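*Asks:* Mind looking over this structure? Questions follow.
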Amino acid sequence: MPLLKLEDVVIDYGSIHALKGINMELEPGEVVTMIGSNGAGKSTTMKAIMGMVKCKSGHIWYDGKEITNQDTQHKVQSGIILSPEGRQVFPRYSVKDNLILGAYVRPREEIAESLEQVYALLPKLKQRSNQLAGSLSGGEQQMLAIGRAMMAKPRMLLLDEPSLGLAPLIINEIFDMIDQISASGVTILLVEQNARVALKHSDRAYVIETGSIVLSDQADRLLNSDEVRKAYFGGL
């Protein structure tokens with residue numbers, strides 16, 4: 001049984017057809033990437049999963065139960081966590097306080113253990129635990145955003161553009177961290193403009209254009225596809 005399944009999901013923003021019948025599945029433990037141009041519908045798909053936008057029609061299933069249009073808090077409590085595009089850390093709060101805010105749905109007695117687990121995954125954050133989040137570099141803020149998401153102990157982690165605006169060396173660090181999270185058993189849905197890197201770190205991928213899935217396959221096959229290379233790798 002898939003951990004997550006989208007079936008004919010349609011979303012409209014007024015007269016704009018943002019999603020035109022999306023079908024997608026994620027098996028437990030997979031890393032799946034959505035690639036596509038800006039405005040294709042990738043972030044909207046994630047928002048639909050999280051209940052941040054309402055589906056006009058279609059169904060979303062999680063762990064065998066329908067969750068279509070359930071409120072976001074319910075989905076967070078069930079283990080679906082979003083690390084949003086643009087990091088969205090709280091700049092005037094310390095690194096530690098940002099992390100603790102990510103655990104607001106967790107029992108208080110579990111927070112200290114989760115904090116140590118995140119620090120083990122991201123030792124840079126432990127070194128900067130008392131530093132204001134707004135004073136961190138872009139890469140460190142992205143690590144903080146993902147660490148905050150991990151504080152909620154997700155079964156499924158949605159990562160929206162984790163490498164956006166980062167230098168190549170930092171991007172490698174971010175994806176090494178994603179590999180570690182995946183190895184711990186967390187299922188990951190990834191939206192990423194850097195298609196080449198994303199496919200190298202994924203099991204499968206969906207290509208989305210103007211609100212529709214136009215291609216899906218194993219990530220390594222798409223990485224070597226002439227069609228995908230021309231569209232997303234600059235023809236290289």
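Identifiers in the structure tokens: chain A, B, ... in order shown; residue index from 1 per chain; ligand index from 1 in order shown.
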Using only C-alpha atoms, tabulate the residues of range 128-186 of chain A lying at most 10 Å from any atom of range 45-57 of chain A, each with its closest atom pair and that distance in Å to one decimal, by chain and increasing residue number, as a Markdown table.
*Replies:*
| residue | atom | partner | partner_atom | distance |
| --- | --- | --- | --- | --- |
| A:Leu158 | CA | A:Met46 | CA | 7.1 |
| A:Leu159 | CA | A:Met46 | CA | 8.8 |
| A:Asp160 | CA | A:Met46 | CA | 8.0 |
*Asks:* DSSP on the backbone, alpha helix (DSSP H) only: what residues of chain A does that give? Format it as a PyMOL selection string.
*Replies:* chain A and resi 42-50+72-77+95-101+108-121+123-127+138-150+168-183+195-200+219-223+226-232
*Asks:* Env of range 194-210 of chain A: 6 Å cut, atoms = only C-alpha atoms, seq-sep filter 2 positions within chain, self excluded. Answer as a count of residues only.
*Replies:* 16
*Asks:* Extract, using only C-alpha atoms, all DNA, RNA and protein residues at most 10 Å from Asn23 in chain A, discarding same-chain residues fewer than 6 positions from it, and format them as a list in words.
*Replies:*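 After dropping sequence-adjacent residues, the list is Lys5, Leu6, Glu7, Asp8, Val9, Val10, Gly58, His59, Ile60, Tyr206, Ser212 and Ile213 of chain A.
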*Asks:* Excluding same-chain residues fewer than 6 positions from range 78-89 of chain A, what lies within 6 Å of it counting only C-alpha atoms, as a list in words?
*Replies:*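 Near neighbours after the sequence-gap exclusion: Gln142, Ala145, Ile146, Ala149, Pro154, Arg155, Met156, Leu157, Leu158, Leu159, Asp160 and Glu161 of chain A.
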*Asks:* Could you write out the selected residues, including C-alpha atoms, as a short mmCIF file (atom, residue, chain, number, x, y, z; two decimals), in the first residue's frame?
*Replies:*
data_model
loop_
_atom_site.label_atom_id
_atom_site.label_comp_id
_atom_site.auth_asym_id
_atom_site.auth_seq_id
_atom_site.Cartn_x
_atom_site.Cartn_y
_atom_site.Cartn_z
CA GLN A 142 18.02 26.00 5.24
CA ALA A 145 14.32 24.87 8.42
CA ILE A 146 14.80 21.16 7.73
CA ALA A 149 10.65 20.00 10.34
CA PRO A 154 7.72 13.12 10.37
CA ARG A 155 6.79 9.91 8.65
CA MET A 156 6.59 11.92 5.44
CA LEU A 157 8.71 15.01 4.81
CA LEU A 158 7.84 17.49 2.05
CA LEU A 159 10.85 19.57 1.00
CA ASP A 160 10.08 22.58 -1.19
CA GLU A 161 13.17 23.93 -3.02
#
*Asks:* Taking only C-alpha atoms into account, which of A:Leu121, A:Ile100, A:Leu115, A:Leu4 comes nearest Lys75 in chain A?
*Replies:*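 Selected residue with least distance to Lys75 in chain A: A:Leu4.
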*Asks:* Based on the backbone DSSP call, show me all residues of range 51-181 of chain A assigned strand (DSSP E or B), as a list in words.
*Replies:*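 Checking each residue of range 51-181 of chain A, the strand (DSSP E or B) ones are Ser57, Gly58, His59, Ile60, Trp61, Tyr62, Lys65, Glu66, Ile80, Ile81, Leu82, Ser83, Ser94, Leu132, Met156, Leu157, Leu158, Leu159 and Asp160 of chain A.
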*Asks:* Could you save those same residues with N, CA and C atoms as a short mmCIF file (atom, residue, chain, number, x, y, z; two decimals), in the first residue's frame?
*Replies:*
data_model
loop_
_atom_site.label_atom_id
_atom_site.label_comp_id
_atom_site.auth_asym_id
_atom_site.auth_seq_id
_atom_site.Cartn_x
_atom_site.Cartn_y
_atom_site.Cartn_z
N SER A 57 -11.61 18.82 -6.77
CA SER A 57 -12.06 17.43 -6.91
C SER A 57 -10.84 16.53 -6.79
N GLY A 58 -11.11 15.24 -6.72
CA GLY A 58 -10.05 14.27 -6.55
C GLY A 58 -9.89 13.84 -5.10
N HIS A 59 -8.92 12.98 -4.86
CA HIS A 59 -8.75 12.39 -3.54
C HIS A 59 -7.27 12.32 -3.17
N ILE A 60 -6.98 12.48 -1.88
CA ILE A 60 -5.64 12.29 -1.35
C ILE A 60 -5.74 11.27 -0.22
N TRP A 61 -4.89 10.24 -0.31
CA TRP A 61 -4.90 9.16 0.67
C TRP A 61 -3.54 9.12 1.37
N TYR A 62 -3.56 8.92 2.69
CA TYR A 62 -2.33 8.80 3.46
C TYR A 62 -2.47 7.65 4.42
N LYS A 65 -5.86 6.04 4.58
CA LYS A 65 -7.03 6.83 4.97
C LYS A 65 -7.12 8.07 4.08
N GLU A 66 -8.35 8.43 3.73
CA GLU A 66 -8.52 9.63 2.91
C GLU A 66 -8.32 10.88 3.76
N ILE A 80 2.77 14.20 8.54
CA ILE A 80 3.16 14.84 7.28
C ILE A 80 3.66 16.24 7.61
N ILE A 81 4.92 16.52 7.28
CA ILE A 81 5.54 17.78 7.66
C ILE A 81 6.13 18.45 6.42
N LEU A 82 5.92 19.75 6.31
CA LEU A 82 6.42 20.55 5.19
C LEU A 82 7.57 21.44 5.65
N SER A 83 8.68 21.39 4.91
CA SER A 83 9.73 22.38 5.05
C SER A 83 9.58 23.32 3.85
N SER A 94 16.29 32.33 18.69
CA SER A 94 17.52 31.57 18.61
C SER A 94 17.31 30.31 17.78
N LEU A 132 21.02 33.94 17.02
CA LEU A 132 19.75 34.31 16.39
C LEU A 132 19.69 33.73 14.98
N MET A 156 6.43 11.42 6.81
CA MET A 156 6.59 11.92 5.44
C MET A 156 7.04 13.37 5.51
N LEU A 157 8.14 13.68 4.82
CA LEU A 157 8.71 15.01 4.81
C LEU A 157 8.58 15.60 3.41
N LEU A 158 7.96 16.77 3.31
CA LEU A 158 7.84 17.49 2.05
C LEU A 158 8.88 18.61 2.05
N LEU A 159 9.78 18.57 1.10
CA LEU A 159 10.85 19.57 1.00
C LEU A 159 10.64 20.40 -0.26
N ASP A 160 10.38 21.69 -0.07
CA ASP A 160 10.08 22.58 -1.19
C ASP A 160 11.30 23.46 -1.46
#
*Asks:* Would you mind listing what lies within 10 Å of Ser184 in chain A as a list in words, with only C-alpha atoms counted and same-chain residues fewer than 5 positions away left out?
*Replies:*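 Those residues are Gly29, Ile178 and Asp179 of chain A.
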*Asks:* With all heavy atoms retained, could you export that selection as a PDB file, in the first residue's frame?
*Replies:*
ATOM      1  N   GLY A  29       9.323   4.947   2.630  1.00  0.00           N
ATOM      2  CA  GLY A  29      10.780   4.965   2.551  1.00  0.00           C
ATOM      3  C   GLY A  29      11.353   5.513   1.265  1.00  0.00           C
ATOM      4  O   GLY A  29      12.569   5.656   1.142  1.00  0.00           O
ATOM      5  N   ILE A 178      19.721  15.105   3.336  1.00  0.00           N
ATOM      6  CA  ILE A 178      18.499  14.464   2.847  1.00  0.00           C
ATOM      7  C   ILE A 178      18.697  12.951   2.747  1.00  0.00           C
ATOM      8  O   ILE A 178      17.813  12.162   3.108  1.00  0.00           O
ATOM      9  CB  ILE A 178      18.073  15.074   1.497  1.00  0.00           C
ATOM     10  CG1 ILE A 178      17.594  16.520   1.701  1.00  0.00           C
ATOM     11  CG2 ILE A 178      16.979  14.244   0.830  1.00  0.00           C
ATOM     12  CD1 ILE A 178      17.382  17.295   0.411  1.00  0.00           C
ATOM     13  N   ASP A 179      19.880  12.542   2.290  1.00  0.00           N
ATOM     14  CA  ASP A 179      20.183  11.109   2.226  1.00  0.00           C
ATOM     15  C   ASP A 179      20.135  10.475   3.616  1.00  0.00           C
ATOM     16  O   ASP A 179      19.628   9.359   3.793  1.00  0.00           O
ATOM     17  CB  ASP A 179      21.574  10.892   1.621  1.00  0.00           C
ATOM     18  CG  ASP A 179      21.627  11.182   0.126  1.00  0.00           C
ATOM     19  OD1 ASP A 179      20.553  11.248  -0.504  1.00  0.00           O
ATOM     20  OD2 ASP A 179      22.743  11.335  -0.405  1.00  0.00           O
TER      21      ASP A 179
END
*Asks:* With only C-alpha atoms as the basis for distance, which of A:Phe90, A:Leu3, A:Leu222, A:Glu27 is at the shortest distance from Ser135 in chain A?
*Replies:*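 Smallest separation from Ser135 in chain A among the options: A:Phe90.
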*Asks:* Quick one: of A:Met143, A:Gly39, A:Met151, A:Leu136, who's nearest to Phe175 in chain A, counting only C-alpha atoms?
*Replies:*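 That would be A:Met143, the residue with the smallest distance to Phe175 in chain A.
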